[in-house]
file final.cif (mmCIF, C-alpha atoms)
data_structure
loop_
_atom_site.label_atom_id
_atom_site.label_comp_id
_atom_site.auth_asym_id
_atom_site.auth_seq_id
_atom_site.Cartn_x
_atom_site.Cartn_y
_atom_site.Cartn_z
CA ARG P 149 0.66 -0.69 -8.03
CA ARG P 150 4.22 -1.52 -8.90
CA ILE P 151 6.04 -3.10 -6.01
CA ILE P 152 9.50 -1.82 -5.18
CA ARG P 153 12.02 -3.43 -2.88
CA ASN P 154 11.68 -2.17 0.68
CA SER P 155 11.16 -3.61 4.14
CA SER P 156 7.46 -2.81 4.39
CA MET P 157 6.58 -3.94 0.84
CA SER P 158 3.95 -1.23 0.69
CA ASN P 159 5.57 1.63 -1.20
CA CYS P 160 5.33 2.16 -4.93
CA SER P 161 7.44 3.54 -7.72
CA SER P 162 6.91 4.33 -11.37
CA GLU P 163 10.29 2.80 -12.17
CA PRO P 164 11.01 -0.95 -12.03
CA LYS P 165 13.93 -2.10 -9.90
CA GLN P 166 16.67 -4.54 -10.81
CA VAL P 167 16.61 -7.67 -8.66
CA THR P 168 19.34 -10.29 -8.40
CA PHE P 169 17.78 -13.74 -8.55
CA SER P 170 18.23 -15.92 -5.48
CA PHE P 171 17.40 -19.12 -7.34
CA ASP P 172 18.40 -20.39 -10.77
CA TYR P 173 15.79 -21.72 -13.16
CA ASN P 174 16.33 -25.12 -14.72
CA PRO P 175 13.75 -26.46 -17.19
CA PRO P 176 12.00 -29.54 -15.78
CA GLU P 177 13.63 -31.79 -18.40
CA ALA P 178 17.13 -30.67 -17.46
CA ALA P 179 16.42 -30.93 -13.74
CA SER P 180 14.98 -34.42 -14.04
CA GLY P 181 17.42 -35.76 -16.62
CA LYS P 182 14.60 -36.45 -19.08
CA THR P 183 14.98 -35.99 -22.82
CA PRO P 184 13.55 -32.59 -23.91
CA LYS P 185 10.31 -32.75 -25.83
CA PRO P 186 10.47 -32.08 -29.60
CA PHE P 187 9.47 -28.69 -30.93
CA LYS P 188 5.83 -28.16 -31.84
CA THR P 189 4.53 -26.33 -34.87
CA TYR P 190 1.70 -23.83 -34.46
CA ASN P 191 -0.21 -22.61 -37.48
CA HIS P 192 -2.11 -19.84 -35.75
CA PRO P 193 -0.78 -16.95 -33.62
CA GLN P 194 -3.36 -17.52 -30.89
CA SER P 195 -2.24 -21.13 -30.43
CA ALA P 196 1.38 -19.99 -30.23
CA ARG P 197 0.48 -17.31 -27.68
CA MET P 198 -1.34 -19.80 -25.46
CA ALA P 199 1.58 -22.21 -25.62
CA TRP P 200 4.00 -19.39 -24.83
CA GLY P 201 2.02 -18.40 -21.74
CA SER P 202 1.99 -21.97 -20.44
CA ALA P 203 5.73 -22.41 -21.06
CA GLN P 204 6.71 -19.13 -19.38
CA GLU P 205 4.46 -19.38 -16.31
CA ALA P 206 7.11 -21.15 -14.23
CA THR P 207 9.66 -18.44 -15.02
CA ALA P 208 7.22 -15.71 -13.99
CA ILE P 209 6.49 -17.49 -10.69
CA LEU P 210 10.23 -17.78 -10.12
CA ALA P 211 10.60 -14.04 -10.75
CA ALA P 212 8.08 -13.38 -7.96
CA LEU P 213 9.82 -15.83 -5.63
CA ASN P 214 13.22 -14.28 -6.32
CA TYR P 215 11.88 -10.79 -5.77
CA PHE P 216 10.22 -11.50 -2.43
CA THR P 217 13.05 -13.64 -1.07
CA THR P 218 15.43 -10.72 -1.56
CA ILE P 219 13.21 -8.89 0.94
CA ASP P 220 12.75 -11.82 3.32
CA GLU P 221 14.23 -15.24 2.58
CA ARG P 222 11.48 -16.88 4.63
CA THR P 223 8.85 -16.01 2.02
CA VAL P 224 7.26 -19.07 0.42
CA VAL P 225 5.46 -19.28 -2.92
CA ALA P 226 3.25 -22.37 -2.78
CA GLU P 227 1.48 -24.26 -5.51
CA THR P 228 -2.27 -24.32 -5.30
CA GLY P 229 -5.19 -25.88 -7.10
CA MET P 230 -8.79 -24.74 -7.01
CA CYS P 231 -9.63 -22.46 -4.09
CA THR P 232 -13.30 -23.16 -3.42
CA PHE P 233 -15.71 -20.83 -1.69
CA GLU P 234 -16.82 -23.65 0.59
CA ALA P 235 -13.30 -24.00 1.97
CA ALA P 236 -12.96 -20.24 2.46
CA TRP P 237 -16.33 -20.06 4.21
CA SER P 238 -15.58 -23.01 6.51
CA HIS P 239 -12.38 -21.31 7.70
CA CYS P 240 -13.84 -17.82 8.03
CA PRO P 241 -13.41 -16.58 11.65
CA PRO P 242 -16.77 -15.77 13.31
CA SER P 243 -15.47 -12.36 14.34
CA SER P 244 -14.08 -11.43 10.91
CA ASP P 245 -15.23 -8.18 9.33
CA VAL P 246 -16.29 -10.14 6.22
CA THR P 247 -18.16 -12.97 7.98
CA GLY P 248 -21.52 -11.49 7.01
CA MET P 249 -20.52 -11.28 3.34
CA TYR P 250 -19.37 -14.92 3.27
CA ALA P 251 -22.59 -15.99 5.02
CA GLN P 252 -24.69 -14.14 2.44
CA VAL P 253 -22.84 -15.75 -0.48
CA ALA P 254 -23.22 -19.18 1.16
CA GLN P 255 -26.97 -18.63 1.34
CA TRP P 256 -27.14 -17.58 -2.31
CA ILE P 257 -25.24 -20.72 -3.38
CA THR P 258 -27.43 -22.96 -1.20
CA THR P 259 -30.62 -21.49 -2.66
CA GLY P 260 -29.35 -21.60 -6.24
CA VAL P 261 -29.09 -17.84 -6.73
CA LEU P 262 -25.37 -18.32 -7.40
CA PRO P 263 -23.57 -21.36 -8.82
CA PRO P 264 -20.72 -23.00 -6.88
CA LEU P 265 -17.78 -20.58 -6.72
CA GLY P 266 -14.07 -21.20 -7.02
CA ALA P 267 -10.88 -19.68 -8.39
CA SER P 268 -7.45 -21.04 -9.22
CA PRO P 269 -4.60 -18.55 -8.80
CA ASP P 270 -1.17 -19.50 -10.09
CA GLY P 271 0.18 -19.64 -6.54
CA LEU P 272 -0.12 -18.45 -2.96
CA ILE P 273 2.48 -16.21 -1.35
CA HIS P 274 3.06 -16.88 2.35
CA HIS P 275 5.01 -14.06 3.97
CA ALA P 276 6.96 -14.42 7.21
CA ASP P 277 4.52 -12.08 9.01
CA ASN P 278 1.68 -14.53 8.16
CA THR P 279 0.39 -12.28 5.39
CA LEU P 280 -1.25 -14.26 2.59
CA GLU P 281 -1.47 -13.09 -1.02
CA VAL P 282 -2.65 -14.77 -4.19
CA LEU P 283 -0.23 -14.84 -7.12
CA GLU P 284 -1.39 -14.46 -10.71
CA VAL P 285 0.79 -14.54 -13.83
CA LYS P 286 0.16 -12.91 -17.20
CA CYS P 287 2.74 -13.50 -19.94
CA SER P 288 2.78 -11.27 -23.02
CA SER P 289 3.61 -13.33 -26.09
CA PRO P 290 6.08 -11.92 -28.62
CA PHE P 291 4.17 -13.52 -31.51
CA ILE P 292 1.95 -11.40 -33.76
CA SER P 293 0.11 -12.11 -37.00
CA TYR P 294 2.12 -11.39 -40.12
CA THR P 295 0.66 -10.73 -43.55
CA PRO P 296 2.98 -12.09 -46.28
CA SER P 297 3.98 -9.77 -49.09
CA ARG P 298 2.79 -10.44 -52.61
CA GLY P 299 4.62 -13.40 -54.04
CA GLU P 300 5.33 -14.94 -50.66
CA SER P 301 3.65 -18.01 -49.22
CA ASN P 302 -0.10 -17.78 -48.63
CA GLU P 303 0.25 -19.78 -45.42
CA SER P 304 -0.52 -18.16 -42.09
CA CYS P 305 2.62 -16.46 -40.79
CA MET P 306 3.81 -15.04 -37.49
CA ALA P 307 6.41 -12.44 -36.61
CA VAL P 308 8.34 -11.96 -33.37
CA THR P 309 8.34 -8.55 -31.71
CA GLU P 310 10.05 -7.16 -28.64
CA ARG P 311 7.25 -6.19 -26.28
CA ASP P 312 7.74 -4.67 -22.86
CA PRO P 313 5.53 -5.95 -20.04
CA PRO P 314 2.32 -3.91 -19.70
CA SER P 315 2.82 -0.69 -17.72
CA THR P 316 -0.58 -1.05 -16.04
CA VAL P 317 -2.90 -3.84 -14.93
CA GLY P 318 -5.80 -4.11 -17.35
CA ALA P 319 -9.27 -3.55 -15.91
CA TRP P 320 -10.31 -6.92 -17.36
CA HIS P 321 -7.99 -8.67 -14.87
CA ILE P 322 -9.64 -7.13 -11.78
CA PRO P 323 -12.71 -9.45 -11.56
CA GLN P 324 -10.43 -12.50 -11.69
CA LEU P 325 -8.06 -11.13 -9.03
CA GLN P 326 -10.87 -10.09 -6.68
CA LEU P 327 -12.55 -13.50 -6.97
CA GLU P 328 -9.23 -15.23 -6.28
CA MET P 329 -8.74 -13.17 -3.10
CA PHE P 330 -12.31 -13.87 -2.02
CA CYS P 331 -11.96 -17.63 -2.53
CA ALA P 332 -8.53 -17.68 -0.84
CA GLY P 333 -10.25 -16.69 2.38
CA ALA P 334 -10.85 -13.79 4.72
CA ALA P 335 -7.14 -13.54 5.58
CA CYS P 336 -6.16 -12.76 1.97
CA LYS P 337 -6.17 -8.97 1.59
CA SER P 338 -4.16 -8.49 -1.60
CA ALA P 339 -2.96 -10.09 -4.81
CA VAL P 340 0.33 -9.91 -6.68
CA ILE P 341 0.15 -10.07 -10.46
CA VAL P 342 3.29 -10.66 -12.51
CA MET P 343 3.19 -9.07 -15.96
CA MET P 344 6.00 -10.64 -17.98
CA SER P 345 7.37 -10.36 -21.51
CA ILE P 346 10.66 -11.26 -23.20
CA ASN P 347 11.99 -7.90 -21.93
CA GLY P 348 11.43 -8.61 -18.23
CA ALA P 349 8.71 -8.63 -15.62
CA LEU P 350 6.78 -6.12 -13.54
CA LEU P 351 5.07 -7.00 -10.26
CA TYR P 352 1.91 -5.22 -9.15
CA ARG P 353 -0.03 -5.46 -5.91
CA ILE P 354 -3.82 -5.16 -6.03
CA GLN P 355 -5.67 -4.57 -2.76
CA ARG P 356 -8.77 -6.54 -1.95
CA ASP P 357 -11.98 -4.55 -2.37
CA ASP P 358 -14.87 -6.16 -0.48
CA GLU P 359 -17.33 -3.56 -1.75
CA TYR P 360 -16.39 -4.49 -5.33
CA ILE P 361 -16.70 -8.21 -4.53
#

call {"tool": "encode", "arguments": {"input": "final.cif", "output": "structure tokens"}}
result
Amino acid sequence: RRIIRNSSMSNCSSEPKQVTFSFDYNPPEAASGKTPKPFKTYNHPQSARMAWGSAQEATAILAALNYFTTIDERTVVAETGMCTFEAAWSHCPPSSDVTGMYAQVAQWITTGVLPPLGASPDGLIHHADNTLEVLEVKCSSPFISYTPSRGESNESCMAVTERDPPSTVGAWHIPQLQLEMFCAGAACKSAVIVMMSINGALLYRIQRDDEYI
């Protein structure tokens, strides 16, 4: 669901909203005074797309931070590494409505039915009301394969296109998001996914589905 700006953060709209950024983005080199790294050459579109996603991830996380801090400036987007199932299970309240599910998964891992589980979201969103959400970023690269015309170079070529961010969350992202929420712990009931392109970003909220998990 697309998130719109409102006090409850639960309504939706089919139209994206303009948000004034609360924080400016400075590339790490500029912020640290280091000399920028030289440009790299990529000979295949897929390599360029992967590099683009890595380079733009920080900007997408900033877009989420700026959006949520316009609603409540106390919102924090925290870095995170691997969220392991063991950590989520050890902090699961005994009276939680999902305690039985975590206990069952722990048994499956112990007996070898399942391998060790973990997930690494791009961040964790801590809201002022103690709500916890995982943050995931997907950046659409503007690079596409380009077939040279006759007489042009036979080398692999790429073209740049103006692509809008996806208007929906692809079904192939759902398993990843649900596992991230599961491994973030019983308190995590939703995920925010930022879909970004050179034409802007859209934020979607996906609710946790324990039956799906």

call {"tool": "residues_near_point", "arguments": {"input": "final.cif", "point": "(-1.0, -11.1, -1.9)", "cutoff": "12 Å", "atoms": "only C-alpha atoms", "output": "JSON, numbers by chain"}}
result
{"P": [151, 157, 158, 212, 216, 223, 224, 225, 269, 270, 271, 272, 273, 274, 275, 278, 279, 280, 281, 282, 283, 284, 325, 326, 328, 329, 330, 332, 333, 335, 336, 337, 338, 339, 340, 341, 342, 351, 352, 353, 354, 355, 356]}

call {"tool": "residues_near_point", "arguments": {"input": "final.cif", "point": "(4.7, -15.8, -29.9)", "cutoff": "8 Å", "atoms": "all atoms listed in the file", "output": "list in words"}}
result
Pro193, Ala196, Arg197, Trp200, Ser289, Pro290, Phe291, Ile292, Met306, Ala307 and Val308 of chain P

call {"tool": "resolve_selection", "arguments": {"input": "final.cif", "expression": "the PyMOL selection byres ((chain P and resi 229-233) around 8)", "output": "PyMOL selection string"}}
result
chain P and resi 227-228+234-237+264-269+328+330-333

call {"tool": "resolve_selection", "arguments": {"input": "final.cif", "expression": "the PyMOL selection byres ((chain P and resi 313) around 9)", "output": "VMD selection string"}}
result
chain P and resid 287 to 288 311 to 312 314 to 316 343 to 350

call {"tool": "closest_residue", "arguments": {"input": "final.cif", "among": "P:Val261, P:Ala334, P:Ala319, P:Ala211", "to": "Gly248 of chain P", "atoms": "all atoms listed in the file"}}
result
P:Ala334

call {"tool": "atom_distance", "arguments": {"input": "final.cif", "atom1": "atom CA of Thr189 of chain P", "atom2": "atom CA of Cys305 of chain P"}}
result
11.7 Å

call {"tool": "atom_distance", "arguments": {"input": "final.cif", "atom1": "atom CA of Lys188 of chain P", "atom2": "atom CA of Gly201 of chain P"}}
result
14.6 Å

call {"tool": "atom_distance", "arguments": {"input": "final.cif", "atom1": "atom CA of Ala208 of chain P", "atom2": "atom CA of His321 of chain P"}}
result
16.8 Å

call {"tool": "closest_residue", "arguments": {"input": "final.cif", "among": "P:Leu210, P:Trp256, P:Arg222, P:Val317", "to": "Asp277 of chain P", "atoms": "all atoms listed in the file"}}
result
P:Arg222
